[in-house]
Amino acid sequence: MTFHAPEDIATVLNIKPSTLRKYSLLLEQSGYLFKKNAQGHRWYSDTDLMALRKFITLKDSSGMTL
């Protein structure tokens, strides 16, 4: 499995790294697990990228606020 740096994922999703952190924290609060290195930094898989895309789509289509 390939893992990607947060900056790369933020670029792919066209969001700021701070927004990616915010979305990741919200998903983690709901029980979603991201891989973390020894320093606790998140690394994102292709599956995580798909989950984040769905999250953004749902947020945008429903007009919900975070």
# chains A, B, ... in the order shown; residues from 1 in each chain; ligands from 1
$ select_by_dssp --residues "chain A" --states "helix (DSSP H, G or I)" --output "ChimeraX atom specification"
/A:6-13,17-29,46-62
$ select_by_dssp --residues "chain A" --states "strand (DSSP E or B)" --output "ChimeraX atom specification"
/A:3-4,35-36,42-45
$ write_last_selection --atoms "N, CA and C atoms" --output "mmCIF file, in the first residue's frame"
data_model
loop_
_atom_site.group_PDB
_atom_site.id
_atom_site.type_symbol
_atom_site.label_atom_id
_atom_site.label_comp_id
_atom_site.auth_asym_id
_atom_site.auth_seq_id
_atom_site.Cartn_x
_atom_site.Cartn_y
_atom_site.Cartn_z
ATOM 1 N N PHE A 3 1.519 5.240 0.689
ATOM 2 C CA PHE A 3 1.054 6.332 1.540
ATOM 3 C C PHE A 3 1.601 7.644 1.010
ATOM 4 N N HIS A 4 0.796 8.693 1.198
ATOM 5 C CA HIS A 4 1.116 10.016 0.663
ATOM 6 C C HIS A 4 1.227 11.031 1.790
ATOM 7 N N LYS A 35 -3.155 6.214 9.225
ATOM 8 C CA LYS A 35 -1.835 5.730 9.611
ATOM 9 C C LYS A 35 -1.011 6.922 10.075
ATOM 10 N N LYS A 36 -0.281 6.721 11.183
ATOM 11 C CA LYS A 36 0.571 7.788 11.707
ATOM 12 C C LYS A 36 1.985 7.261 11.891
ATOM 13 N N ARG A 42 0.114 12.209 10.309
ATOM 14 C CA ARG A 42 -0.716 11.355 9.460
ATOM 15 C C ARG A 42 -0.087 11.155 8.087
ATOM 16 N N TRP A 43 -0.258 9.942 7.573
ATOM 17 C CA TRP A 43 0.088 9.604 6.194
ATOM 18 C C TRP A 43 -1.166 9.013 5.588
ATOM 19 N N TYR A 44 -1.460 9.358 4.356
ATOM 20 C CA TYR A 44 -2.741 9.051 3.739
ATOM 21 C C TYR A 44 -2.596 8.004 2.634
ATOM 22 N N SER A 45 -3.479 7.015 2.670
ATOM 23 C CA SER A 45 -3.525 5.987 1.626
ATOM 24 C C SER A 45 -4.521 6.427 0.557
#
$ residues_around --residues "Lys22 of chain A" --least-positions-apart "4" --cutoff "12 Å" --atoms "only C-alpha atoms" --output "PyMOL selection string"
chain A and resi 6+10+15-18+26-29+52+55-56+66
$ write_last_selection --atoms "all heavy atoms" --output "short mmCIF file (atom, residue, chain, number, x, y, z; two decimals), in the first residue's frame"
data_model
loop_
_atom_site.label_atom_id
_atom_site.label_comp_id
_atom_site.auth_asym_id
_atom_site.auth_seq_id
_atom_site.Cartn_x
_atom_site.Cartn_y
_atom_site.Cartn_z
N PRO A 6 0.73 14.60 3.71
CA PRO A 6 -0.44 15.49 3.80
C PRO A 6 -0.43 16.61 2.76
O PRO A 6 -1.49 16.93 2.20
CB PRO A 6 -0.33 16.06 5.22
CG PRO A 6 0.47 15.07 5.97
CD PRO A 6 1.42 14.45 4.97
N ALA A 10 -3.50 17.38 0.21
CA ALA A 10 -4.15 18.69 0.19
C ALA A 10 -4.14 19.27 -1.23
O ALA A 10 -5.15 19.83 -1.68
CB ALA A 10 -3.45 19.64 1.16
N ILE A 15 -7.37 21.79 -1.36
CA ILE A 15 -7.68 22.42 -0.08
C ILE A 15 -6.36 22.78 0.60
O ILE A 15 -5.30 22.29 0.23
CB ILE A 15 -8.53 21.51 0.84
CG1 ILE A 15 -7.81 20.18 1.12
CG2 ILE A 15 -9.91 21.28 0.24
CD1 ILE A 15 -8.53 19.27 2.10
N LYS A 16 -6.43 23.62 1.61
CA LYS A 16 -5.25 23.99 2.37
C LYS A 16 -4.87 22.84 3.31
O LYS A 16 -5.76 22.10 3.77
CB LYS A 16 -5.52 25.24 3.20
CG LYS A 16 -5.79 26.48 2.38
CD LYS A 16 -6.09 27.64 3.29
CE LYS A 16 -6.43 28.88 2.49
NZ LYS A 16 -6.76 30.01 3.34
N PRO A 17 -3.59 22.71 3.64
CA PRO A 17 -3.19 21.68 4.61
C PRO A 17 -3.92 21.82 5.95
O PRO A 17 -4.25 20.82 6.59
CB PRO A 17 -1.69 21.91 4.77
CG PRO A 17 -1.27 22.47 3.45
CD PRO A 17 -2.43 23.36 3.04
N SER A 18 -4.20 23.04 6.37
CA SER A 18 -4.93 23.23 7.63
C SER A 18 -6.35 22.69 7.54
O SER A 18 -6.89 22.16 8.51
CB SER A 18 -4.94 24.71 8.03
OG SER A 18 -5.59 25.49 7.04
N LEU A 26 -11.97 15.60 12.31
CA LEU A 26 -13.40 15.31 12.37
C LEU A 26 -13.67 13.83 12.05
O LEU A 26 -14.50 13.20 12.72
CB LEU A 26 -14.18 16.21 11.40
CG LEU A 26 -14.28 17.67 11.83
CD1 LEU A 26 -14.82 18.52 10.68
CD2 LEU A 26 -15.18 17.80 13.04
N LEU A 27 -12.99 13.30 11.06
CA LEU A 27 -13.16 11.88 10.73
C LEU A 27 -12.66 10.99 11.86
O LEU A 27 -13.30 9.99 12.20
CB LEU A 27 -12.46 11.55 9.42
CG LEU A 27 -13.13 12.07 8.16
CD1 LEU A 27 -12.23 11.89 6.94
CD2 LEU A 27 -14.47 11.37 7.94
N GLU A 28 -11.54 11.36 12.47
CA GLU A 28 -11.01 10.57 13.59
C GLU A 28 -11.96 10.59 14.78
O GLU A 28 -12.13 9.57 15.46
CB GLU A 28 -9.63 11.09 14.01
CG GLU A 28 -8.54 10.73 13.03
CD GLU A 28 -7.20 11.34 13.36
OE1 GLU A 28 -7.13 12.39 14.04
OE2 GLU A 28 -6.20 10.75 12.92
N GLN A 29 -12.61 11.71 15.03
CA GLN A 29 -13.57 11.80 16.12
C GLN A 29 -14.76 10.88 15.90
O GLN A 29 -15.42 10.47 16.85
CB GLN A 29 -14.05 13.24 16.30
CG GLN A 29 -12.99 14.16 16.86
CD GLN A 29 -13.41 15.62 16.84
OE1 GLN A 29 -14.49 15.98 16.38
NE2 GLN A 29 -12.53 16.48 17.33
N LEU A 52 -11.89 11.01 2.14
CA LEU A 52 -11.88 12.47 2.24
C LEU A 52 -12.67 13.11 1.10
O LEU A 52 -13.39 14.09 1.31
CB LEU A 52 -10.44 12.98 2.25
CG LEU A 52 -9.70 12.75 3.56
CD1 LEU A 52 -8.20 12.80 3.35
CD2 LEU A 52 -10.13 13.78 4.60
N PHE A 55 -16.26 12.75 2.01
CA PHE A 55 -16.56 13.70 3.08
C PHE A 55 -16.79 15.10 2.51
O PHE A 55 -17.78 15.77 2.84
CB PHE A 55 -15.40 13.70 4.08
CG PHE A 55 -15.56 14.67 5.21
CD1 PHE A 55 -16.29 14.32 6.34
CD2 PHE A 55 -14.99 15.93 5.16
CE1 PHE A 55 -16.44 15.22 7.39
CE2 PHE A 55 -15.13 16.82 6.20
CZ PHE A 55 -15.86 16.46 7.32
N ILE A 56 -15.89 15.54 1.64
CA ILE A 56 -16.00 16.87 1.05
C ILE A 56 -17.25 16.98 0.18
O ILE A 56 -17.97 17.97 0.22
CB ILE A 56 -14.72 17.21 0.26
CG1 ILE A 56 -13.54 17.38 1.22
CG2 ILE A 56 -14.91 18.46 -0.61
CD1 ILE A 56 -12.18 17.43 0.55
N LEU A 66 -19.29 22.77 9.57
CA LEU A 66 -18.49 21.91 10.43
C LEU A 66 -18.35 22.53 11.79
O LEU A 66 -18.12 21.99 12.75
CB LEU A 66 -17.12 21.66 9.81
CG LEU A 66 -17.16 21.08 8.40
CD1 LEU A 66 -15.75 20.95 7.84
CD2 LEU A 66 -17.82 19.73 8.39
#
$ closest_residue --among "A:Leu13, A:Arg21, A:Met1, A:Ser62" --to "His41 of chain A" --atoms "only C-alpha atoms"
A:Arg21
$ atom_distance --atom1 "atom CA of Asp46 of chain A" --atom2 "atom CA of Leu58 of chain A"
18.5 Å
$ atom_distance --atom1 "atom CA of Thr57 of chain A" --atom2 "atom CA of Thr2 of chain A"
23.6 Å
$ atom_distance --atom1 "atom CA of Val12 of chain A" --atom2 "atom CA of Asp60 of chain A"
16.8 Å
